[in-house]
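J.: Provided herewith: data28.cif, mmCIF, C-alpha atoms, pLDDT in the B column; chains and numbers go by the auth columns.
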data_run
loop_
_atom_site.group_PDB
_atom_site.id
_atom_site.type_symbol
_atom_site.label_atom_id
_atom_site.label_comp_id
_atom_site.label_asym_id
_atom_site.label_seq_id
_atom_site.Cartn_x
_atom_site.Cartn_y
_atom_site.Cartn_z
_atom_site.B_iso_or_equiv
_atom_site.auth_seq_id
_atom_site.auth_asym_id
ATOM 1 C CA MET A 1 -40.854 -24.848 8.450 90.00 615 A
ATOM 2 C CA LYS A 2 -44.037 -22.868 7.811 95.00 616 A
ATOM 3 C CA CYS A 3 -47.178 -24.151 6.065 96.00 617 A
ATOM 4 C CA LEU A 4 -47.653 -22.651 2.593 95.00 618 A
ATOM 5 C CA ASP A 5 -51.291 -21.911 3.483 95.00 619 A
ATOM 6 C CA ASP A 6 -50.533 -20.374 6.889 94.00 620 A
ATOM 7 C CA HIS A 7 -51.996 -17.053 5.683 95.00 621 A
ATOM 8 C CA LYS A 8 -55.416 -18.738 5.415 93.00 622 A
ATOM 9 C CA GLY A 9 -55.385 -19.629 9.104 91.00 623 A
ATOM 10 C CA GLY A 10 -56.481 -22.899 10.635 91.00 624 A
ATOM 11 C CA CYS A 11 -53.111 -24.644 10.547 94.00 625 A
ATOM 12 C CA SER A 12 -52.968 -27.725 12.683 90.00 626 A
ATOM 13 C CA ASP A 13 -50.712 -30.613 13.509 84.00 627 A
ATOM 14 C CA ASN A 14 -47.411 -31.228 11.747 92.00 628 A
ATOM 15 C CA VAL A 15 -46.031 -29.269 8.828 96.00 629 A
ATOM 16 C CA GLU A 16 -44.363 -31.645 6.392 96.00 630 A
ATOM 17 C CA LEU A 17 -43.067 -31.498 2.853 97.00 631 A
ATOM 18 C CA ARG A 18 -45.850 -32.941 0.692 96.00 632 A
ATOM 19 C CA GLU A 19 -45.819 -33.994 -2.929 93.00 633 A
ATOM 20 C CA SER A 20 -46.784 -31.418 -5.506 93.00 634 A
ATOM 21 C CA LEU A 21 -50.143 -32.437 -6.956 91.00 635 A
ATOM 22 C CA SER A 22 -49.681 -30.091 -9.907 85.00 636 A
ATOM 23 C CA GLY A 23 -46.825 -32.187 -11.214 84.00 637 A
ATOM 24 C CA THR A 24 -43.943 -29.757 -10.678 89.00 638 A
ATOM 25 C CA GLY A 25 -42.097 -32.221 -8.462 89.00 639 A
ATOM 26 C CA THR A 26 -41.362 -29.495 -5.930 93.00 640 A
ATOM 27 C CA PRO A 27 -42.160 -30.549 -2.342 96.00 641 A
ATOM 28 C CA ILE A 28 -44.674 -28.193 -0.719 95.00 642 A
ATOM 29 C CA PRO A 29 -44.706 -27.523 3.056 97.00 643 A
ATOM 30 C CA ARG A 30 -48.261 -28.011 4.337 97.00 644 A
ATOM 31 C CA CYS A 31 -49.778 -28.835 7.697 97.00 645 A
ATOM 32 C CA ASP A 32 -52.093 -31.831 8.032 96.00 646 A
ATOM 33 C CA TYR A 33 -55.208 -29.626 7.886 96.00 647 A
ATOM 34 C CA HIS A 34 -54.276 -27.777 4.696 97.00 648 A
ATOM 35 C CA TRP A 35 -52.979 -30.989 3.101 96.00 649 A
ATOM 36 C CA GLU A 36 -56.424 -32.562 3.561 95.00 650 A
ATOM 37 C CA GLN A 37 -58.024 -29.448 2.059 95.00 651 A
ATOM 38 C CA ARG A 38 -55.640 -29.623 -0.919 95.00 652 A
ATOM 39 C CA LEU A 39 -56.447 -33.300 -1.480 96.00 653 A
ATOM 40 C CA ASP A 40 -60.188 -32.493 -1.439 97.00 654 A
ATOM 41 C CA TRP A 41 -59.651 -29.615 -3.893 95.00 655 A
ATOM 42 C CA GLN A 42 -57.635 -31.884 -6.208 94.00 656 A
ATOM 43 C CA ALA A 43 -60.322 -34.591 -6.184 94.00 657 A
ATOM 44 C CA ASP A 44 -62.966 -31.993 -7.090 92.00 658 A
ATOM 45 C CA HIS A 45 -60.739 -30.554 -9.829 90.00 659 A
ATOM 46 C CA ASN A 46 -60.085 -34.006 -11.311 87.00 660 A
ATOM 47 C CA GLN A 47 -63.808 -34.674 -11.453 86.00 661 A
ATOM 48 C CA ARG A 48 -64.616 -31.341 -13.131 85.00 662 A
ATOM 49 C CA TYR A 49 -61.711 -31.465 -15.565 83.00 663 A
ATOM 50 C CA PRO A 50 -61.067 -35.124 -16.337 82.00 664 A
ATOM 51 C CA ASP A 51 -57.955 -36.185 -18.176 81.00 665 A
ATOM 52 C CA SER A 52 -59.970 -37.486 -21.098 81.00 666 A
ATOM 53 C CA SER A 53 -60.532 -36.715 -24.753 82.00 667 A
ATOM 54 C CA THR A 54 -64.270 -36.789 -24.029 83.00 668 A
ATOM 55 C CA PRO A 55 -65.467 -33.487 -22.535 84.00 669 A
ATOM 56 C CA PRO A 56 -67.678 -33.440 -19.445 83.00 670 A
ATOM 57 C CA SER A 57 -71.392 -32.792 -19.942 85.00 671 A
ATOM 58 C CA TRP A 58 -71.110 -29.146 -18.838 85.00 672 A
ATOM 59 C CA PHE A 59 -68.516 -28.217 -21.504 86.00 673 A
ATOM 60 C CA ASP A 60 -69.953 -26.024 -24.274 89.00 674 A
ATOM 61 C CA PRO A 61 -67.520 -25.358 -27.151 85.00 675 A
ATOM 62 C CA ALA A 62 -69.804 -22.612 -28.469 87.00 676 A
ATOM 63 C CA TYR A 63 -69.400 -20.593 -25.259 86.00 677 A
ATOM 64 C CA ALA A 64 -65.949 -19.231 -26.057 83.00 678 A
ATOM 65 C CA GLY A 65 -64.950 -21.096 -29.201 81.00 679 A
ATOM 66 C CA GLU A 66 -62.717 -23.443 -27.271 84.00 680 A
ATOM 67 C CA HIS A 67 -61.995 -27.104 -27.863 82.00 681 A
ATOM 68 C CA TRP A 68 -61.762 -29.771 -25.173 81.00 682 A
ATOM 69 C CA ASP A 69 -59.253 -31.901 -27.015 76.00 683 A
ATOM 70 C CA SER A 70 -56.076 -30.473 -28.526 67.00 684 A
ATOM 71 C CA ASP A 71 -56.854 -32.131 -31.874 60.00 685 A
ATOM 72 C CA TYR A 72 -58.734 -29.405 -33.726 50.00 686 A
#
So that I can check it, write out the structure of this file as structure tokens.

T.:
Amino acid sequence: MKCLDDHKGGCSDNVELRESLSGTGTPIPRCDYHWEQRLDWQADHNQRYPDSSTPPSWFDPAYAGEHWDSDY
């Protein structure tokens, strides 16, 4: 089995099927190194884009006319 991120280089240790953090439910083959990178990316993403009806301080609805919450 080949790591999904093999093209990025730096693969190390075991390649295993890991849970999909995007919620698709599809197992993703990743080596230990790229799995750690993916977990770090997900933590950063969750902090920037919280699952909350309250937008983060950086969100500006006037920038592109968008809304943070789906209730317009």

J.: Which residues, written as a list in words, have at least one atom at most 12 Å from A:Asn660, with all atoms listed in the file counted and residues fewer than 5 positions away on the same chain left out?

T.: Leu635, Ser636, Leu653, Asp654, Trp655, Asp665, Ser666 and Pro670 of chain A

J.: Once the PyMOL selection byres ((chain A and resi 652) around 12) is applied to the coordinates I shared, what remains selected? I want it as a ChimeraX atom specification.

T.: /A:618-619,632-636,642-651,653-659

J.: Grab the atom CA of A:Pro669 to atom CA of A:Asp683 distance for me, in Å with one decimal place.

T.: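 Calculated distance between atom CA of A:Pro669 and atom CA of A:Asp683 is 7.8 Å.
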
J.: Quick check, in Å to one decimal: how far apart do atom CA of A:Tyr663 and atom CA of A:Ala678 lie?

T.: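 If I compute the distance from atom CA of A:Tyr663 to atom CA of A:Ala678, I get 16.7 Å.
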